[in-house]
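S.K.: So that you have it, the file is query.cif, and it contains mmCIF, C-alpha atoms:
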data_protein
loop_
_atom_site.label_atom_id
_atom_site.label_comp_id
_atom_site.auth_asym_id
_atom_site.auth_seq_id
_atom_site.Cartn_x
_atom_site.Cartn_y
_atom_site.Cartn_z
CA MET A 1 -3.68 -1.54 -7.29
CA ASP A 2 -4.96 -3.42 -4.24
CA THR A 3 -6.18 -0.80 -1.78
CA GLN A 4 -8.24 -3.15 0.39
CA ARG A 5 -5.48 -5.25 1.93
CA GLU A 6 -2.64 -3.77 3.95
CA ASN A 7 0.87 -3.99 2.54
CA ILE A 8 2.51 -6.62 4.77
CA ARG A 9 5.87 -4.86 4.58
CA HIS A 10 4.32 -1.80 6.24
CA LEU A 11 3.46 -3.81 9.37
CA GLY A 12 6.95 -3.94 10.81
CA LEU A 13 8.19 -6.59 13.22
CA ASP A 14 5.81 -5.57 16.00
CA GLY A 15 2.83 -5.62 13.66
CA LEU A 16 3.78 -9.04 12.31
CA THR A 17 4.15 -10.36 15.87
CA ALA A 18 0.73 -9.05 16.85
CA TYR A 19 -0.85 -10.54 13.72
CA PHE A 20 0.56 -14.03 14.28
CA GLU A 21 -0.48 -13.93 17.93
CA GLN A 22 -3.98 -12.95 16.84
CA ILE A 23 -4.32 -15.89 14.43
CA GLY A 24 -2.77 -18.34 16.90
CA GLU A 25 0.44 -19.08 14.98
CA LYS A 26 3.74 -19.94 16.64
CA LYS A 27 6.25 -17.14 17.30
CA PHE A 28 8.94 -18.51 14.95
CA ARG A 29 6.63 -17.76 11.99
CA VAL A 30 7.31 -14.05 12.55
CA LYS A 31 11.03 -14.50 11.90
CA GLN A 32 10.39 -16.72 8.88
CA VAL A 33 8.07 -14.23 7.20
CA HIS A 34 10.28 -11.26 8.11
CA GLU A 35 13.26 -12.99 6.48
CA TRP A 36 11.25 -13.64 3.31
CA LEU A 37 10.24 -9.99 3.14
CA TRP A 38 13.56 -8.29 3.88
CA GLN A 39 16.41 -10.75 3.30
CA LYS A 40 15.15 -13.30 0.77
CA HIS A 41 13.19 -10.59 -1.10
CA ALA A 42 10.05 -12.62 -1.81
CA HIS A 43 7.68 -10.89 -4.21
CA SER A 44 4.74 -13.19 -3.48
CA PHE A 45 3.46 -15.30 -0.61
CA GLU A 46 3.75 -18.41 -2.79
CA GLU A 47 7.55 -18.02 -2.69
CA MET A 48 7.55 -18.51 1.10
CA THR A 49 8.09 -22.25 0.80
CA ASN A 50 8.80 -23.03 4.46
CA LEU A 51 5.23 -21.95 5.35
CA SER A 52 2.26 -24.28 4.97
CA LYS A 53 -0.02 -23.79 1.98
CA ASP A 54 -2.84 -22.82 4.33
CA LEU A 55 -0.77 -20.13 6.00
CA ARG A 56 0.40 -18.76 2.65
CA ALA A 57 -3.24 -18.60 1.52
CA LYS A 58 -4.21 -16.87 4.77
CA LEU A 59 -1.46 -14.25 4.32
CA ALA A 60 -2.50 -13.66 0.70
CA GLN A 61 -6.08 -13.22 1.87
CA ASP A 62 -5.19 -10.71 4.60
CA PHE A 63 -2.30 -8.76 3.03
CA SER A 64 -0.90 -7.45 -0.23
CA LEU A 65 2.78 -7.70 -1.18
CA PRO A 66 3.40 -5.06 -3.86
CA ALA A 67 6.93 -4.87 -5.23
CA LEU A 68 8.82 -2.94 -7.89
CA GLN A 69 9.41 -4.74 -11.16
CA VAL A 70 12.13 -4.05 -13.74
CA ASP A 71 10.29 -2.63 -16.76
CA ALA A 72 13.29 -1.95 -19.04
CA THR A 73 17.09 -2.01 -18.82
CA GLN A 74 19.73 -0.16 -20.82
CA PHE A 75 23.48 -0.80 -20.88
CA SER A 76 26.00 1.99 -21.45
CA ASN A 77 29.29 1.59 -23.29
CA ASP A 78 31.05 2.46 -20.02
CA GLY A 79 29.34 -0.32 -18.04
CA THR A 80 26.63 1.82 -16.43
CA VAL A 81 23.25 0.09 -16.23
CA LYS A 82 20.01 2.12 -16.17
CA SER A 83 16.76 0.47 -15.14
CA ARG A 84 13.22 1.69 -15.46
CA PHE A 85 11.16 0.30 -12.60
CA LYS A 86 7.38 -0.03 -12.53
CA THR A 87 5.30 0.35 -9.38
CA VAL A 88 2.30 -1.84 -8.69
CA GLU A 89 -0.09 0.79 -10.10
CA GLY A 90 2.06 1.36 -13.21
CA HIS A 91 4.11 4.47 -12.36
CA LEU A 92 7.67 4.53 -13.72
CA ILE A 93 10.90 5.57 -12.01
CA GLU A 94 14.56 5.09 -12.86
CA GLY A 95 17.62 3.86 -11.00
CA VAL A 96 21.21 3.42 -12.09
CA LEU A 97 24.09 1.02 -11.36
CA ILE A 98 27.35 2.95 -11.63
CA PRO A 99 30.38 0.64 -11.67
CA THR A 100 33.99 1.70 -11.16
CA GLU A 101 37.02 -0.40 -10.45
CA ASP A 102 36.82 0.03 -6.68
CA ARG A 103 33.08 0.47 -6.08
CA LYS A 104 29.64 -0.45 -7.34
CA THR A 105 27.13 2.32 -6.62
CA ALA A 106 23.34 2.33 -6.82
CA CYS A 107 21.75 5.68 -7.66
CA VAL A 108 18.14 5.48 -6.46
CA SER A 109 15.01 7.60 -6.74
CA SER A 110 12.84 8.84 -3.88
CA GLN A 111 9.82 10.31 -5.69
CA ILE A 112 7.81 9.68 -8.84
CA GLY A 113 8.64 12.91 -10.64
CA CYS A 114 9.72 16.03 -8.75
CA SER A 115 8.14 19.29 -7.59
CA LEU A 116 11.29 21.44 -7.47
CA SER A 117 11.62 22.26 -11.21
CA CYS A 118 15.41 22.68 -11.28
CA LYS A 119 15.99 23.96 -14.81
CA PHE A 120 18.92 21.68 -15.68
CA CYS A 121 17.36 18.41 -14.46
CA ALA A 122 15.15 16.30 -16.73
CA THR A 123 13.16 14.98 -13.74
CA GLY A 124 12.25 18.58 -12.85
CA TYR A 125 10.07 18.71 -15.95
CA ILE A 126 8.00 15.71 -14.83
CA GLU A 127 5.04 16.31 -12.57
CA ARG A 128 5.43 14.76 -9.11
CA LYS A 129 2.88 11.96 -8.87
CA ARG A 130 3.66 10.81 -5.33
CA ASN A 131 6.40 9.91 -2.89
CA LEU A 132 7.90 6.45 -3.11
CA HIS A 133 7.14 4.19 -0.16
CA PHE A 134 10.13 2.99 1.85
CA ASP A 135 9.74 -0.58 0.58
CA GLU A 136 9.81 0.68 -3.04
CA ILE A 137 13.09 2.50 -2.35
CA TYR A 138 14.39 -0.69 -0.73
CA ASP A 139 13.33 -2.70 -3.81
CA GLN A 140 15.42 -0.44 -6.07
CA VAL A 141 18.53 -1.25 -4.02
CA VAL A 142 17.74 -4.98 -4.04
CA LEU A 143 17.20 -5.07 -7.82
CA ILE A 144 20.28 -2.98 -8.61
CA ASN A 145 22.32 -5.19 -6.25
CA GLN A 146 21.14 -8.24 -8.19
CA GLN A 147 22.26 -6.53 -11.42
CA SER A 148 25.67 -5.81 -9.89
CA LEU A 149 26.08 -9.44 -8.85
CA GLN A 150 25.04 -10.64 -12.29
CA ALA A 151 27.16 -8.20 -14.30
CA TYR A 152 30.22 -7.83 -12.05
CA ASN A 153 29.99 -10.63 -9.49
CA GLN A 154 30.18 -7.97 -6.77
CA LYS A 155 27.64 -6.62 -4.30
CA LEU A 156 26.84 -2.94 -4.12
CA SER A 157 29.38 -0.98 -2.10
CA ASN A 158 27.59 2.39 -2.06
CA ILE A 159 24.15 3.95 -2.40
CA VAL A 160 23.41 7.53 -3.44
CA PHE A 161 19.98 9.15 -3.26
CA MET A 162 20.59 11.18 -6.40
CA GLY A 163 17.89 9.78 -8.70
CA MET A 164 14.42 11.18 -9.34
CA GLY A 165 12.89 13.42 -6.70
CA GLU A 166 13.98 15.38 -3.61
CA PRO A 167 14.75 12.93 -0.77
CA LEU A 168 14.16 15.45 2.02
CA LEU A 169 10.62 16.09 0.76
CA ASN A 170 9.97 12.38 1.31
CA TYR A 171 11.72 12.40 4.67
CA SER A 172 9.90 9.63 6.52
CA ASN A 173 10.09 7.06 3.72
CA VAL A 174 13.74 7.80 2.96
CA MET A 175 14.65 7.40 6.64
CA LYS A 176 12.71 4.12 6.90
CA ALA A 177 14.32 2.82 3.69
CA ILE A 178 17.81 3.59 4.99
CA GLU A 179 16.95 1.93 8.31
CA ARG A 180 15.93 -1.26 6.45
CA ILE A 181 18.93 -1.08 4.11
CA SER A 182 21.36 -0.76 7.02
CA ALA A 183 19.56 -3.11 9.45
CA GLU A 184 21.19 -6.42 10.37
CA ASP A 185 17.93 -8.16 9.39
CA GLY A 186 17.80 -6.16 6.14
CA LEU A 187 20.62 -5.57 3.65
CA PHE A 188 23.08 -4.76 6.48
CA MET A 189 24.90 -2.02 4.55
CA SER A 190 26.82 0.57 6.54
CA PRO A 191 25.11 4.00 6.65
CA ARG A 192 28.59 5.45 6.03
CA ARG A 193 28.30 4.08 2.49
CA ILE A 194 25.02 5.92 1.87
CA THR A 195 24.80 9.53 0.64
CA VAL A 196 21.58 11.53 0.56
CA SER A 197 21.65 14.42 -1.89
CA THR A 198 19.38 17.43 -1.46
CA ALA A 199 18.60 20.49 -3.56
CA GLY A 200 18.57 22.33 -0.24
CA VAL A 201 15.68 22.12 2.20
CA ALA A 202 17.18 23.93 5.19
CA LYS A 203 14.55 22.89 7.75
CA GLN A 204 14.93 19.20 6.84
CA ILE A 205 18.73 19.39 6.84
CA LYS A 206 18.48 20.54 10.46
CA LYS A 207 16.05 17.70 11.18
CA LEU A 208 18.67 15.23 9.89
CA GLY A 209 20.99 16.67 12.53
CA ASP A 210 18.36 16.38 15.26
CA ASP A 211 17.71 12.78 14.22
CA GLN A 212 21.43 11.99 14.53
CA VAL A 213 21.58 10.26 11.14
CA ARG A 214 24.75 8.34 10.30
CA PHE A 215 24.82 8.70 6.50
CA LYS A 216 26.60 11.33 4.39
CA LEU A 217 24.94 14.44 3.01
CA ALA A 218 25.44 16.14 -0.36
CA LEU A 219 24.12 19.60 -1.24
CA SER A 220 23.33 20.35 -4.88
CA LEU A 221 24.67 23.91 -4.88
CA HIS A 222 25.36 24.59 -8.60
CA ALA A 223 25.67 28.36 -8.09
CA ALA A 224 27.40 30.26 -5.30
CA ASN A 225 25.28 33.40 -5.28
CA ASP A 226 21.53 33.73 -4.78
CA ALA A 227 20.73 35.52 -8.05
CA LYS A 228 22.17 32.74 -10.21
CA ARG A 229 20.90 29.96 -7.98
CA ASN A 230 17.38 31.45 -8.08
CA GLU A 231 17.58 31.36 -11.87
CA ILE A 232 18.29 27.64 -12.14
CA MET A 233 16.90 26.32 -8.82
CA PRO A 234 13.59 27.94 -7.74
CA ILE A 235 13.90 26.31 -4.30
CA ASN A 236 16.64 28.85 -3.52
CA GLU A 237 14.01 31.59 -3.22
CA SER A 238 12.77 29.99 0.01
CA ASN A 239 16.05 28.29 1.01
CA ASN A 240 18.80 30.75 0.16
CA ILE A 241 22.52 30.12 0.45
CA LYS A 242 22.82 31.81 3.85
CA ALA A 243 20.06 29.56 5.26
CA LEU A 244 21.73 26.48 3.76
CA ILE A 245 25.13 27.40 5.22
CA GLU A 246 23.51 27.72 8.66
CA ALA A 247 21.65 24.40 8.26
CA LEU A 248 24.75 22.50 7.10
CA ASN A 249 26.79 23.82 10.03
CA TYR A 250 24.02 22.70 12.38
CA PHE A 251 23.90 19.26 10.71
CA TYR A 252 27.68 18.86 11.09
CA LYS A 253 27.65 20.02 14.72
CA GLN A 254 25.00 17.42 15.55
CA THR A 255 26.43 14.48 13.56
CA GLY A 256 30.02 15.08 12.44
CA ASN A 257 29.04 13.39 9.17
CA GLU A 258 30.72 14.03 5.84
CA ILE A 259 29.28 16.83 3.68
CA THR A 260 29.87 17.20 -0.06
CA LEU A 261 28.98 20.14 -2.27
CA GLU A 262 27.82 19.32 -5.81
CA TYR A 263 28.45 21.93 -8.51
CA ILE A 264 27.51 21.37 -12.15
CA LEU A 265 29.42 23.66 -14.53
CA PHE A 266 27.34 25.49 -17.16
CA LYS A 267 29.04 27.44 -19.94
CA ASP A 268 28.70 31.22 -19.48
CA LEU A 269 26.45 30.83 -16.43
CA ASN A 270 28.50 29.68 -13.42
CA ASP A 271 31.98 28.92 -14.81
CA SER A 272 33.77 32.28 -14.57
CA LYS A 273 36.67 33.32 -12.35
CA GLN A 274 34.21 35.25 -10.16
CA ASP A 275 31.97 32.18 -9.86
CA ALA A 276 34.94 30.10 -8.72
CA GLU A 277 35.91 32.72 -6.15
CA GLU A 278 32.32 32.86 -4.83
CA LEU A 279 32.34 29.06 -4.53
CA VAL A 280 35.57 29.29 -2.49
CA LYS A 281 33.83 31.74 -0.11
CA VAL A 282 30.86 29.42 0.37
CA PHE A 283 33.14 26.41 0.87
CA ARG A 284 35.02 28.22 3.63
CA GLN A 285 31.78 28.71 5.58
CA ILE A 286 30.77 25.05 5.50
CA PRO A 287 32.54 22.05 7.09
CA ALA A 288 32.49 20.29 3.70
CA ASP A 289 34.97 17.52 2.91
CA LEU A 290 34.74 17.82 -0.84
CA VAL A 291 33.39 19.80 -3.78
CA ASN A 292 32.31 17.62 -6.69
CA ILE A 293 32.60 19.57 -9.93
CA ILE A 294 30.26 17.81 -12.32
CA GLU A 295 30.16 17.80 -16.11
CA TYR A 296 26.82 19.04 -17.38
CA ASN A 297 24.81 16.48 -19.31
CA THR A 298 22.52 18.06 -21.85
CA ILE A 299 18.75 17.67 -21.70
CA ASP A 300 16.26 18.80 -24.35
CA ALA A 301 14.52 21.43 -22.22
CA PHE A 302 17.59 23.39 -20.98
CA LYS A 303 19.55 25.70 -23.26
CA PHE A 304 22.95 25.53 -21.57
CA THR A 305 25.97 23.45 -22.51
CA LYS A 306 29.09 22.34 -20.68
CA PRO A 307 32.18 24.61 -20.73
CA ASP A 308 35.25 23.95 -22.85
CA GLU A 309 37.94 21.78 -21.28
CA ASP A 310 40.25 24.80 -20.85
CA ASP A 311 37.56 26.69 -18.95
CA ILE A 312 36.86 23.67 -16.74
CA GLN A 313 40.56 23.36 -15.93
CA ARG A 314 40.82 27.10 -15.21
CA PHE A 315 37.92 26.80 -12.77
CA MET A 316 39.52 23.78 -11.07
CA ASN A 317 42.86 25.58 -10.80
CA ILE A 318 41.27 28.49 -8.90
CA LEU A 319 39.71 26.06 -6.42
CA GLU A 320 43.01 24.22 -5.98
CA ALA A 321 44.95 27.46 -5.48
CA ASN A 322 42.52 28.32 -2.68
CA HIS A 323 42.96 24.93 -0.98
CA VAL A 324 39.47 23.68 -1.84
CA ASN A 325 39.34 19.89 -1.95
CA ALA A 326 37.67 19.60 -5.38
CA ARG A 327 37.24 16.65 -7.71
CA LEU A 328 36.12 16.72 -11.32
CA ARG A 329 33.47 14.05 -11.77
CA ARG A 330 33.28 12.79 -15.33
CA SER A 331 29.89 11.69 -16.59
CA ARG A 332 28.97 8.04 -16.82
CA GLY A 333 26.05 6.55 -18.69
CA ARG A 334 25.49 9.66 -20.83
CA ASP A 335 24.84 7.59 -23.98
CA ILE A 336 21.74 6.04 -22.34
CA ASP A 337 20.53 9.21 -20.54
CA ALA A 338 21.65 7.74 -17.21
CA ALA A 339 24.05 10.52 -16.20
CA CYS A 340 23.49 13.23 -13.59
CA GLY A 341 20.30 15.17 -14.30
CA GLN A 342 19.13 13.00 -17.20
CA LEU A 343 16.61 10.64 -15.55
CA ALA A 344 13.25 11.22 -17.20
CA ASN A 345 11.65 7.85 -18.06
CA LYS A 346 12.44 8.13 -21.74
CA GLY A 347 11.40 5.16 -23.85
#
Would you kindly transcribe this structure into structure tokens?
M.R.:
Amino acid sequence: MDTQRENIRHLGLDGLTAYFEQIGEKKFRVKQVHEWLWQKHAHSFEEMTNLSKDLRAKLAQDFSLPALQVDATQFSNDGTVKSRFKTVEGHLIEGVLIPTEDRKTACVSSQIGCSLSCKFCATGYIERKRNLHFDEIYDQVVLINQQSLQAYNQKLSNIVFMGMGEPLLNYSNVMKAIERISAEDGLFMSPRRITVSTAGVAKQIKKLGDDQVRFKLALSLHAANDAKRNEIMPINESNNIKALIEALNYFYKQTGNEITLEYILFKDLNDSKQDAEELVKVFRQIPADLVNIIEYNTIDAFKFTKPDEDDIQRFMNILEANHVNARLRRSRGRDIDAACGQLANKG
């Protein structure tokens, strides 16, 4: 990895302007280079063909331009596409294109590995190497968008931060990535089509409110009492359900943005009548629009399985009877380990 030269994408518009002033180049060069970096998605200075050879050589001398590369791609029987991306120093992360009839969604990662050790998530068993830089997150969206155009002749309609890592523990880079993704001189996607999912970092959820973000928020709840949530999500010991309820109410008061609760069903762990009733109680304390009930996708390290269909339906019926807006989310990409909780850089 080139550690001597600064990553040109980390300069920003002001930094680029200052650089071109310093070397005596005309102002319009700033716009040209910025477009190559964020709209034409150049992965080398040689690709910037409307610049002179001398200027391209000068940029290559002064800056680096690291970019994610697609390392491997797998195609599911249901149309889901999983990609393994390689960083410039050789780390691997995964992202997924999830196609449905009415939307094309990119599921992107925010960290290389994860430090939270959620028991049901394959990524939780991988050591966190580092946070992804904002331009690496941006590259995932660009590359998955290219896959969507190639496979379905449609651009991405939605982005979910539900891949590897905890987005709110990489707060600055995730915010910068979303700014670039939604910027008019970036990908120009509406923040309303972006959802950031968190395992529950109460302090950072409140910070999202203070920062007046415009995207949607999803909380990975997965158990509606502290004892069970502690068992499967160690983060709950320092961010319990009461603290998360308070943080989500604060977030909604500050932003008015949509909140979703995510709840994976595990057989004989969180799928009983009492569990459903406890979920109803939590739902009533949060201004949530929706509860996503998610099918569990097995991983090698976790002993649980998904409930029988009758038990799933019984659980859904209790939520419906209590006027909880709940949706059963069927797994996609399970045959290539691309479904919820399965991202682990398998070969």
S.K.: Do you know which residues are at most 7 Å from segment 4-7 of chain A counting only C-alpha atoms, after dropping those on the same chain fewer than 5 positions away, and could you put them as a count of residues only?
M.R.: 5
S.K.: If we count only C-alpha atoms and set the cut-off at 9 Å, which residues sit around segment 136-145 of chain A, ignoring sequence neighbours fewer than 6 positions away in its own chain? Please answer as JSON, numbers by chain.
M.R.: {"A": [38, 41, 66, 67, 68, 69, 70, 81, 83, 85, 87, 94, 95, 96, 97, 104, 105, 106, 107, 108, 109, 110, 154, 155, 156, 159, 173, 174, 177, 178, 180, 181, 187]}
S.K.: Written as number ranges by chain, which residues does the PyMOL selection byres ((chain A and resi 329) around 9) give for the file shown?
M.R.: A: 292-295, 327-328, 330-331
S.K.: Write out as a list in words the residues lying within 9 Å of Gln204 of chain A, counting only C-alpha atoms and excluding same-chain residues fewer than 2 positions away.
M.R.: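 So the residues in contact are Leu168, Leu169, Tyr171, Gly200, Val201, Ala202, Lys206, Lys207, Leu208, Gly209 and Ala247 of chain A.
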S.K.: Exactly which residues make up the result of the PyMOL selection byres ((chain A and resi 13) around 12) on this file, given as a ChimeraX atom specification?
M.R.: /A:8-12,14-20,27,29-35,37-38,180,185-186
S.K.: Starting from the shown file, work through the PyMOL selection byres ((chain A and resi 287) around 12) and note down what comes out as a compact mmCIF listing (two decimals) with C-alpha atoms, in the coordinates of the input.
M.R.:
# COMPACT_ATOMS: atom_id res chain seq x y z
CA LEU A 217 24.94 14.44 3.01
CA ALA A 218 25.44 16.14 -0.36
CA ILE A 245 25.13 27.40 5.22
CA GLU A 246 23.51 27.72 8.66
CA ALA A 247 21.65 24.40 8.26
CA LEU A 248 24.75 22.50 7.10
CA ASN A 249 26.79 23.82 10.03
CA TYR A 250 24.02 22.70 12.38
CA PHE A 251 23.90 19.26 10.71
CA TYR A 252 27.68 18.86 11.09
CA LYS A 253 27.65 20.02 14.72
CA THR A 255 26.43 14.48 13.56
CA GLY A 256 30.02 15.08 12.44
CA ASN A 257 29.04 13.39 9.17
CA GLU A 258 30.72 14.03 5.84
CA ILE A 259 29.28 16.83 3.68
CA THR A 260 29.87 17.20 -0.06
CA LEU A 261 28.98 20.14 -2.27
CA VAL A 282 30.86 29.42 0.37
CA PHE A 283 33.14 26.41 0.87
CA ARG A 284 35.02 28.22 3.63
CA GLN A 285 31.78 28.71 5.58
CA ILE A 286 30.77 25.05 5.50
CA ALA A 288 32.49 20.29 3.70
CA ASP A 289 34.97 17.52 2.91
CA LEU A 290 34.74 17.82 -0.84
CA VAL A 291 33.39 19.80 -3.78
CA VAL A 324 39.47 23.68 -1.84
CA ASN A 325 39.34 19.89 -1.95
S.K.: What does the distance between atom CA of Glu237 of chain A and atom CA of His222 of chain A come to in Å, to one decimal place?
M.R.: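 Atom-to-atom, atom CA of Glu237 of chain A to atom CA of His222 of chain A, that is 14.4 Å.
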S.K.: Nearest to Leu319 of chain A among A:Ser220, A:Ser238, A:Gln274, A:Gln39, with distances taken over all atoms listed in the file: which residue is it?
M.R.: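 The answer is A:Gln274, which sits nearest to Leu319 of chain A.
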S.K.: Rounded to one decimal, what separation in Å do you get between atom CA of Asn322 of chain A and atom CA of Glu277 of chain A?
M.R.: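 Between atom CA of Asn322 of chain A and atom CA of Glu277 of chain A the gap works out to 8.7 Å.
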S.K.: From the list A:Pro99, A:Asn170, A:Trp36, A:Lys53, which residue is nearest Asn153 of chain A when using all atoms listed in the file?
M.R.: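 Among the listed residues, the smallest separation from Asn153 of chain A belongs to A:Pro99.
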S.K.: Here is a test: counting all atoms listed in the file, which residue of A:Leu51, A:Val280, A:Ile264, A:Val196 is nearest to Ile232 of chain A?
M.R.: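 The closest residue to Ile232 of chain A is A:Ile264.
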S.K.: Identify, on the basis of only C-alpha atoms, every residue whose closest approach to segment 233-236 of chain A does not exceed 12 Å; exclude the query and any residue fewer than 3 positions from it along the same chain; express the result as a PyMOL selection string.
M.R.: chain A and resi 114-121+124+166+169+198-202+220-230+239-244
S.K.: Please, what distance in Å, to one decimal, runs between atom CA of Glu309 of chain A and atom CA of Asp268 of chain A?
M.R.: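 Straight-line distance from atom CA of Glu309 of chain A to atom CA of Asp268 of chain A works out to 13.3 Å.
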S.K.: A:Leu55, A:Ile318, A:Met162, A:Ile98: which is nearest Lys281 of chain A, counting only C-alpha atoms?
M.R.: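 Residue with the minimum atom-to-atom distance to Lys281 of chain A: A:Ile318.
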